[in-house]
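Asker: Right, I'll just put the structure down here and ask away after.
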Amino acid sequence: ELFGIGLNGADYSYSRLTEELPYVFMARLGQDQPIDAPSEDYSEINYGGIVYKKTAIAFNFLMQYLGEDMMNTCMAAYFDKWKFKHPTPADIEEVFEKTSGQNLDWFFGDMVRTTGAMNMRAICTSSKKEGMRLKVRNTGSIKAPCSIQVFRDGQLIDSKGNSILKDDTNQSSAWIDPIAPGESAEIMLGFVQPGDIIKVNDIDAIPELDRKDN
C-alpha cells in the first residue's frame, strides 16, 4: 500500500502509479494546490503534479461522469465559442453546463478551484427482492458523484449485465449523483446477482484520495 494506492492484485496499474500518485502524494501530505491557481504560485514539485497530473485525472473523472460523447460535444462547443479569444475558468464552466444540461459546480467550483479531496466509502450492501442496495458515504471534503463497478466472473459489466471491455472509455456500471461531504446516498442495483463483486470509483486515473475502503 502506497498513499492509498494498492500495489498488488487488481489495484496495481500503470496509470494509477504514474497519473494518480503525484497528486495523491501531495494531497495526503496536505501540500496540494488548486488546479486553477496561477502558474507562478505552484511549488516546484506541484507544477508538474498539478498542471500535468491532477488536471488530467480530474477531467478524466468528469469525462467518465458525462460520457465520452457528451465530453467531446462540450469541448467542441467550448472551442467553437472561444477560439481566438481569452476565456476564463468561468467561461468553460458556463459552456459545459449549458451543453450538458447539468449543474457542474461540484467539479468547476470544488474540484478545480479548491484543494478539497474526493473520497468515497462503500458503507454497506443489503439484498432486496429487486436487487442489491448499496450505500455510499462521501468521506471527502468536496461534493462529488461516484461511479459503481460491478464485476461478474472477473469481468466488469454494465447495468444490463453485458461485459464492458477493459479499453472501453466507459468503465462504470452505474453512477450516484453528487453527494455532499459527510452525507450518504443509496442506489438500487437491480442487475446484481449472487457472487458479483461491487466496487466504488474503481476507475484508473481519477482524483480519489484513498481507495482502501472502496
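Residue numbering restarts at 1 for every chain of the C-alpha cells, chains are lettered A, B, ... in their displayed order, and ligands are numbered from 1 as they appear.
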Among stretch 24-212 of chain A, which ones does DSSP assign to strand (DSSP E or B) (computed from the backbone)? Answer as number ranges by chain.

Answerer: A: 118, 120-128, 131-138, 144-152, 155-157, 163, 174-179, 184-189, 197-200, 208

Asker: Now that the selection is made, can you save its residues with C-alpha atoms as a PDB file, in the first residue's frame?

Answerer:
ATOM      1  CA  MET A 118     -12.713  13.448  -3.226  1.00  0.00           C
ATOM      2  CA  MET A 120     -15.945   7.828  -1.251  1.00  0.00           C
ATOM      3  CA  ARG A 121     -16.563   4.915   1.096  1.00  0.00           C
ATOM      4  CA  ALA A 122     -18.802   1.913   0.494  1.00  0.00           C
ATOM      5  CA  ILE A 123     -20.783   1.646   3.749  1.00  0.00           C
ATOM      6  CA  CYS A 124     -22.950  -1.399   3.322  1.00  0.00           C
ATOM      7  CA  THR A 125     -24.973  -3.534   0.962  1.00  0.00           C
ATOM      8  CA  SER A 126     -28.284  -5.224   1.564  1.00  0.00           C
ATOM      9  CA  SER A 127     -30.010  -7.817  -0.555  1.00  0.00           C
ATOM     10  CA  LYS A 128     -33.548  -6.989  -1.588  1.00  0.00           C
ATOM     11  CA  GLY A 131     -31.700  -6.484  -6.316  1.00  0.00           C
ATOM     12  CA  MET A 132     -28.790  -5.228  -4.223  1.00  0.00           C
ATOM     13  CA  ARG A 133     -28.946  -1.890  -2.396  1.00  0.00           C
ATOM     14  CA  LEU A 134     -25.589  -0.124  -1.979  1.00  0.00           C
ATOM     15  CA  LYS A 135     -24.958   2.754   0.435  1.00  0.00           C
ATOM     16  CA  VAL A 136     -22.019   5.096  -0.165  1.00  0.00           C
ATOM     17  CA  ARG A 137     -20.731   7.875   2.096  1.00  0.00           C
ATOM     18  CA  ASN A 138     -18.744  10.894   0.999  1.00  0.00           C
ATOM     19  CA  ALA A 144     -18.822  14.778  -5.944  1.00  0.00           C
ATOM     20  CA  PRO A 145     -20.609  11.957  -7.750  1.00  0.00           C
ATOM     21  CA  CYS A 146     -19.298   8.413  -7.573  1.00  0.00           C
ATOM     22  CA  SER A 147     -19.156   5.550 -10.001  1.00  0.00           C
ATOM     23  CA  ILE A 148     -20.157   1.964  -9.296  1.00  0.00           C
ATOM     24  CA  GLN A 149     -18.395  -1.026 -10.812  1.00  0.00           C
ATOM     25  CA  VAL A 150     -19.952  -4.496 -10.758  1.00  0.00           C
ATOM     26  CA  PHE A 151     -17.742  -7.470 -11.627  1.00  0.00           C
ATOM     27  CA  ARG A 152     -19.122 -10.871 -12.641  1.00  0.00           C
ATOM     28  CA  GLN A 155     -15.443  -9.122 -15.847  1.00  0.00           C
ATOM     29  CA  LEU A 156     -16.812  -5.588 -15.467  1.00  0.00           C
ATOM     30  CA  ILE A 157     -20.470  -5.454 -16.542  1.00  0.00           C
ATOM     31  CA  SER A 163     -19.425  -7.135 -20.411  1.00  0.00           C
ATOM     32  CA  ALA A 174     -23.791   2.905 -12.706  1.00  0.00           C
ATOM     33  CA  TRP A 175     -23.404   6.365 -11.145  1.00  0.00           C
ATOM     34  CA  ILE A 176     -24.620   8.045  -7.968  1.00  0.00           C
ATOM     35  CA  ASP A 177     -25.366  11.766  -8.287  1.00  0.00           C
ATOM     36  CA  PRO A 178     -23.114  14.223  -6.416  1.00  0.00           C
ATOM     37  CA  ILE A 179     -23.023  13.626  -2.659  1.00  0.00           C
ATOM     38  CA  SER A 184     -24.592   9.302   2.230  1.00  0.00           C
ATOM     39  CA  ALA A 185     -26.577   8.105  -0.760  1.00  0.00           C
ATOM     40  CA  GLU A 186     -28.069   4.795  -1.801  1.00  0.00           C
ATOM     41  CA  ILE A 187     -28.523   3.116  -5.150  1.00  0.00           C
ATOM     42  CA  MET A 188     -30.511   0.034  -6.081  1.00  0.00           C
ATOM     43  CA  LEU A 189     -28.584  -2.276  -8.385  1.00  0.00           C
ATOM     44  CA  ILE A 197     -18.313  -8.028  -6.688  1.00  0.00           C
ATOM     45  CA  ILE A 198     -19.242  -4.370  -6.205  1.00  0.00           C
ATOM     46  CA  LYS A 199     -16.655  -1.576  -6.056  1.00  0.00           C
ATOM     47  CA  VAL A 200     -16.855   2.221  -5.804  1.00  0.00           C
ATOM     48  CA  GLU A 208      -9.736   9.521  -5.436  1.00  0.00           C
TER      49      GLU A 208
END

Asker: Can you pull out every residue from stretch 13-176 of chain A that DSSP, working from the backbone, puts in alpha helix (DSSP H), and format the result as an MDAnalysis selection string?

Answerer: chainID A and resid 14:15 21:28 44:48 55:66 68:82 89:100 105

Asker: Generate the output file for the selected residues, C-alpha atoms, as an mmCIF file, in the first residue's frame.

Answerer:
data_model
loop_
_atom_site.group_PDB
_atom_site.id
_atom_site.type_symbol
_atom_site.label_atom_id
_atom_site.label_comp_id
_atom_site.auth_asym_id
_atom_site.auth_seq_id
_atom_site.Cartn_x
_atom_site.Cartn_y
_atom_site.Cartn_z
ATOM 1 C CA TYR A 14 0.496 1.892 -14.623
ATOM 2 C CA SER A 15 -1.973 4.805 -14.752
ATOM 3 C CA LEU A 21 0.348 9.055 -7.316
ATOM 4 C CA PRO A 22 1.879 12.529 -7.895
ATOM 5 C CA TYR A 23 -1.432 14.102 -6.820
ATOM 6 C CA VAL A 24 -2.234 11.659 -4.000
ATOM 7 C CA PHE A 25 1.267 12.007 -2.557
ATOM 8 C CA MET A 26 0.971 15.777 -2.113
ATOM 9 C CA ALA A 27 -2.704 15.711 -1.112
ATOM 10 C CA ARG A 28 -2.063 13.176 1.651
ATOM 11 C CA GLU A 44 8.366 23.261 -7.875
ATOM 12 C CA ILE A 45 7.017 19.761 -7.247
ATOM 13 C CA ASN A 46 3.382 20.781 -7.641
ATOM 14 C CA TYR A 47 3.842 22.425 -11.034
ATOM 15 C CA GLY A 48 4.150 19.048 -12.730
ATOM 16 C CA THR A 55 -5.774 18.415 -14.010
ATOM 17 C CA ALA A 56 -5.698 15.372 -16.286
ATOM 18 C CA ILE A 57 -7.200 12.940 -13.782
ATOM 19 C CA ALA A 58 -9.840 15.474 -12.720
ATOM 20 C CA PHE A 59 -11.029 15.984 -16.299
ATOM 21 C CA ASN A 60 -10.855 12.237 -16.891
ATOM 22 C CA PHE A 61 -13.268 11.815 -13.982
ATOM 23 C CA LEU A 62 -15.553 14.451 -15.497
ATOM 24 C CA MET A 63 -15.450 12.606 -18.836
ATOM 25 C CA GLN A 64 -16.368 9.345 -17.113
ATOM 26 C CA TYR A 65 -19.316 11.097 -15.440
ATOM 27 C CA LEU A 66 -20.619 12.860 -18.554
ATOM 28 C CA GLU A 68 -17.128 10.464 -23.791
ATOM 29 C CA ASP A 69 -19.654 11.607 -26.409
ATOM 30 C CA MET A 70 -21.009 14.405 -24.199
ATOM 31 C CA MET A 71 -17.484 15.402 -23.167
ATOM 32 C CA ASN A 72 -16.496 15.722 -26.815
ATOM 33 C CA THR A 73 -19.646 17.734 -27.536
ATOM 34 C CA CYS A 74 -18.849 20.094 -24.650
ATOM 35 C CA MET A 75 -15.249 20.525 -25.767
ATOM 36 C CA ALA A 76 -16.332 21.223 -29.350
ATOM 37 C CA ALA A 77 -18.844 23.826 -28.146
ATOM 38 C CA TYR A 78 -16.198 25.434 -25.931
ATOM 39 C CA PHE A 79 -13.687 25.599 -28.797
ATOM 40 C CA ASP A 80 -16.263 26.974 -31.206
ATOM 41 C CA LYS A 81 -17.351 29.744 -28.832
ATOM 42 C CA TRP A 82 -13.940 30.781 -27.533
ATOM 43 C CA PRO A 89 -12.389 29.185 -15.949
ATOM 44 C CA ALA A 90 -15.926 30.546 -15.525
ATOM 45 C CA ASP A 91 -16.375 30.515 -19.310
ATOM 46 C CA ILE A 92 -15.604 26.819 -19.735
ATOM 47 C CA GLU A 93 -17.947 26.035 -16.838
ATOM 48 C CA GLU A 94 -20.737 28.029 -18.489
ATOM 49 C CA VAL A 95 -20.307 26.190 -21.794
ATOM 50 C CA PHE A 96 -20.110 22.754 -20.188
ATOM 51 C CA GLU A 97 -23.203 23.319 -18.055
ATOM 52 C CA LYS A 98 -25.240 24.758 -20.921
ATOM 53 C CA THR A 99 -24.194 21.993 -23.318
ATOM 54 C CA SER A 100 -24.611 19.077 -20.914
ATOM 55 C CA ASP A 105 -20.429 23.299 -9.751
#

Asker: Using only C-alpha atoms, can you tell me which of A:Gln193, A:Asn201, A:Thr18, A:Ser172 comes closest to A:Lys129?

Answerer: A:Gln193

Asker: Choose the residue, out of A:Leu17, A:Ile203, A:Ile142, A:Ala180, that has the smallest atom-to-atom separation from A:Asp168; count only C-alpha atoms.

Answerer: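 Nearest candidate to A:Asp168 out of A:Leu17, A:Ile203, A:Ile142, A:Ala180: A:Ile203.
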
Asker: Would you work out the distance separating atom CA of A:Asp36 from atom CA of A:Gly101, expressed in Å to one decimal?

Answerer: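 The value is 23.3 Å.
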
Asker: My list of candidates is A:Tyr42, A:Phe108, A:Phe191, A:Tyr52. Which is closest to A:Glu20 when distances are computed with only C-alpha atoms?

Answerer: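 Nearest to A:Glu20: A:Tyr52.
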